[in-house]
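Enquirer: Here it is, the structure, as structure tokens.
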Amino acid sequence: MKYNFTSGAELLEKCNEFNMSMHEICLEREAELSGLSKEEVREKMRVSLNIMKAATEKAVEEDIKSMGGLIGGEAKKLTKYRGLSRSVCGELMNKAMVAAMGTMEVNASMGLIVAAPTAGSCGILPGAVVTIGKEYGFNDEEMIDALFAASAIGVIITRNATVSGAEGGCQAETGAAAAMASAGVVEMMGGSVEQAIHAASHCLQNVMGLVCDPIAGLVEAPCQGRNAIGVANALISAELCLAGILNIIPFDETVAAMYKVGKSLPMELRETALGGIASTCTGCSLTTKIFG
Amino acid sequence: MAKDYSVFDIVGPNMIGPSSSHTAGAARLGKTASKIAGKPVKEVKFLLHGSFAETYKGHGTDKAIVGGILGFQPDDARIKNSFQLAEEAGVKFEFIKTDLGDSVHPNTVKIEMVLEDGSKSTIMGASIGGGNIKLTEMDGLALDFNGSRSAVVLEIKDIPGAVSFVTGLLAHNNKDIAMMSTNKPARSEYTFVTIETTDKLEADLIDQLRKFEVIAKIIVLDKF
């Protein structure tokens, strides 16, 4: 395939060769891979964007209770706090946290979401792209571009490592989601391909080693909180790169290190609910309460 | 070999939460089973194994798989109310925790269906991650079908030349066979042949196969 890329280095090389941005080359690649026209591929991504947008707002507008009952109402509380008090994180970060945590509430209550790259990390990409998009007045086409840029990073991580918590821990799931979101935000804000790839490196390194330990095995807690830290990770890393603070270790080496760390995590810390927060006294008694 | 993923494998699937394996995959298993059964389902038992058996309630696996039986896609908002909708449609359902053995995937379900005309159909499958599924058994026959291509499963009377007739007909119609396997259960007079094709077989080609007397049964499996 003319536009295919299998690593960060190759992605940068192809972008330079064809004089394209990351989202342009990712769109060309997808058209080539699927046999669909570029317009058809964009339309599919538009459906995804619309689902993401709706999910970021739903938990602020409605009362939501999760299946397991461990989460619900967090997006509303954060929004209320933003209106009443001086925000510690600032308005923009608060909004991104609302979008990410709210999307996780929608997911946990059997609502419609886009797994990006997984359901357990579904708040991070919309939390970053939709929030920054709205804040700075980017239109849907520009947000769709950001989702394609994010996908380019996701394609590489999925190919060369993993995005599954069961395989690589939370660092793989929410780490990859943040890496994707960060690259999307950098491109949307006018950064270069190189800056976007470096932002993805920052994200993976910032949470390297993070374990996957869902209480009762449910996609609720501590998953929701890790989506909030994930969106913060994405925005912080984007800010660093846009300011010219690049990463010391190349993206591809970072991905390989993340995979190696993931594989060396014991089984208890990879989505089995046998370790970490899941195996605390309270975690275990919650499990008994939910499943009887 | 490392796969070239589509962007929609990464940003996607679009799905009703909370879990791609336990919810989206379960919906796909239900939908695929009812589609293969071919007639409306009146009664269904879900034999849940492994992680499916342990955590199905908290993940909405039960609602998703009933929704699938009713024909809902993994992104259909009606999944949340599928129990009520099944009741209204007169579809009885039951969940049974079971142990299907050590050799099956942890997220496996055996779906036993009684159809509108009283006939029965049983499908076993697994949710293998990211909303992807595979079918492992159909009416007692072992399968390994992941839906990446269209396929037909043929129950063919065991006489010389029967299989070559089928492949000859496909060749004559310019159909590319991507994968083919045959399986003859002990003491059976029939051989089961699974043929995966690059392009979907048209209805008239399936009809031509049906006219061939030595073929007792044809099941068409669409790509999913």
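A note on labels: chains of the structure tokens are A, B, ... as shown, every chain counts residues from 1, and ligands are counted from 1 in their shown order.
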Do me a favour and pick out the residues of chain A within 9 Å of chain B, using only C-alpha atoms, as a PyMOL selection string.

Expert: chain A and resi 4-6+26-27+29-30+33-34+44-45+47-48+51+67-68+104+106-120+147-148+150-152+154-156+158-160+164+216-220+290-291

Enquirer: May I have all residues of stretch 63-159 of chain B that DSSP, computed from the backbone, assigns to alpha helix (DSSP H), given as an mmCIF file with C-alpha atoms, in the first residue's frame?

Expert:
data_model
loop_
_atom_site.group_PDB
_atom_site.id
_atom_site.type_symbol
_atom_site.label_atom_id
_atom_site.label_comp_id
_atom_site.auth_asym_id
_atom_site.auth_seq_id
_atom_site.Cartn_x
_atom_site.Cartn_y
_atom_site.Cartn_z
ATOM 1 C CA LYS B 63 -29.371 -7.592 27.795
ATOM 2 C CA ALA B 64 -26.964 -7.356 24.880
ATOM 3 C CA ILE B 65 -27.302 -10.978 23.827
ATOM 4 C CA VAL B 66 -31.109 -10.918 24.067
ATOM 5 C CA GLY B 67 -31.004 -7.713 21.993
ATOM 6 C CA GLY B 68 -28.866 -9.552 19.472
ATOM 7 C CA ILE B 69 -31.452 -12.351 19.240
ATOM 8 C CA SER B 82 -34.194 -5.756 25.386
ATOM 9 C CA PHE B 83 -35.775 -7.889 28.153
ATOM 10 C CA GLN B 84 -39.019 -5.970 27.948
ATOM 11 C CA LEU B 85 -38.951 -5.894 24.150
ATOM 12 C CA ALA B 86 -38.381 -9.664 24.036
ATOM 13 C CA GLU B 87 -41.326 -10.208 26.347
ATOM 14 C CA GLU B 88 -43.522 -8.030 24.144
#

Enquirer: What separation in Å, quoted to one decimal, exists between atom CA of A:Arg42 and atom CA of A:Gly102?

Expert: 25.7 Å

Enquirer: Report, in Å with one decimal, the straight-line distance from atom CA of A:Tyr3 to atom CA of A:Glu17.

Expert: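 Separation between atom CA of A:Tyr3 and atom CA of A:Glu17: 10.2 Å.
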
Enquirer: So that I can see what lies close to A:Ala96, please list as a ChimeraX atom specification the residues with an atom at most 8 Å from it, counting only C-alpha atoms and leaving out residues fewer than 6 positions away in the same chain.

Expert: /A:127-128,131-132,228,231-232

Enquirer: Find the spatial neighbours of A:Gly165, counting only C-alpha atoms, within a cut-off of 9 Å - ignore same-chain residues fewer than 3 positions away - and output them as a list in words.

Expert: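 Listed by chain and then number, they are Thr118, Gly120, Thr162, Gly168, Gly169, Cys170, Gln171, Ala172, Glu173, Thr174, Val211, Cys212, Gly262, Leu269, Arg270 and Glu271 of chain A.
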
Enquirer: As a list in words, which residues of stretch 83-231 of chain A does DSSP assign to strand (DSSP E or B)?

Expert: Leu112, Ile113, Val114 and Cys212 of chain A

Enquirer: Find the spatial neighbours of A:Leu12, counting only C-alpha atoms, within a cut-off of 12 Å - ignore same-chain residues fewer than 6 positions away - and output them as a PyMOL selection string.

Expert: chain A and resi 3-6+18-23+25-26+152-153+192-198+250-252

Enquirer: With only C-alpha atoms as the counted atoms, please give the residues lying no more than 8 Å from B:Phe224, apart from itself and same-chain residues fewer than 4 positions off, as number ranges by chain.

Expert: B: 146-149

Enquirer: Write out as a PDB file with C-alpha atoms, in the first residue's frame which residues come within 9 Å of B:His105 when counting only C-alpha atoms, dropping same-chain ones fewer than 6 positions away.

Expert:
ATOM      1  CA  HIS B  49     -19.227 -20.032  30.343  1.00  0.00           C
ATOM      2  CA  GLY B  50     -16.176 -18.559  32.114  1.00  0.00           C
ATOM      3  CA  GLY B 125     -19.439 -18.865  19.898  1.00  0.00           C
ATOM      4  CA  ALA B 126     -16.960 -16.690  21.739  1.00  0.00           C
ATOM      5  CA  SER B 127     -16.377 -12.988  22.142  1.00  0.00           C
ATOM      6  CA  ILE B 128     -12.679 -12.716  21.446  1.00  0.00           C
TER       7      ILE B 128
END

Enquirer: Under the rule that only C-alpha atoms are counted, which of B:Ile206, B:Ala26, B:Met180, B:Val114 is the nearest residue to B:Ile218?

Expert: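 So, comparing all the options, the nearest one is B:Ile206.
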
Enquirer: What is the atom CA of A:Ile71 to atom CA of A:Glu105 distance in Å?

Expert: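 The value is 6.8 Å.
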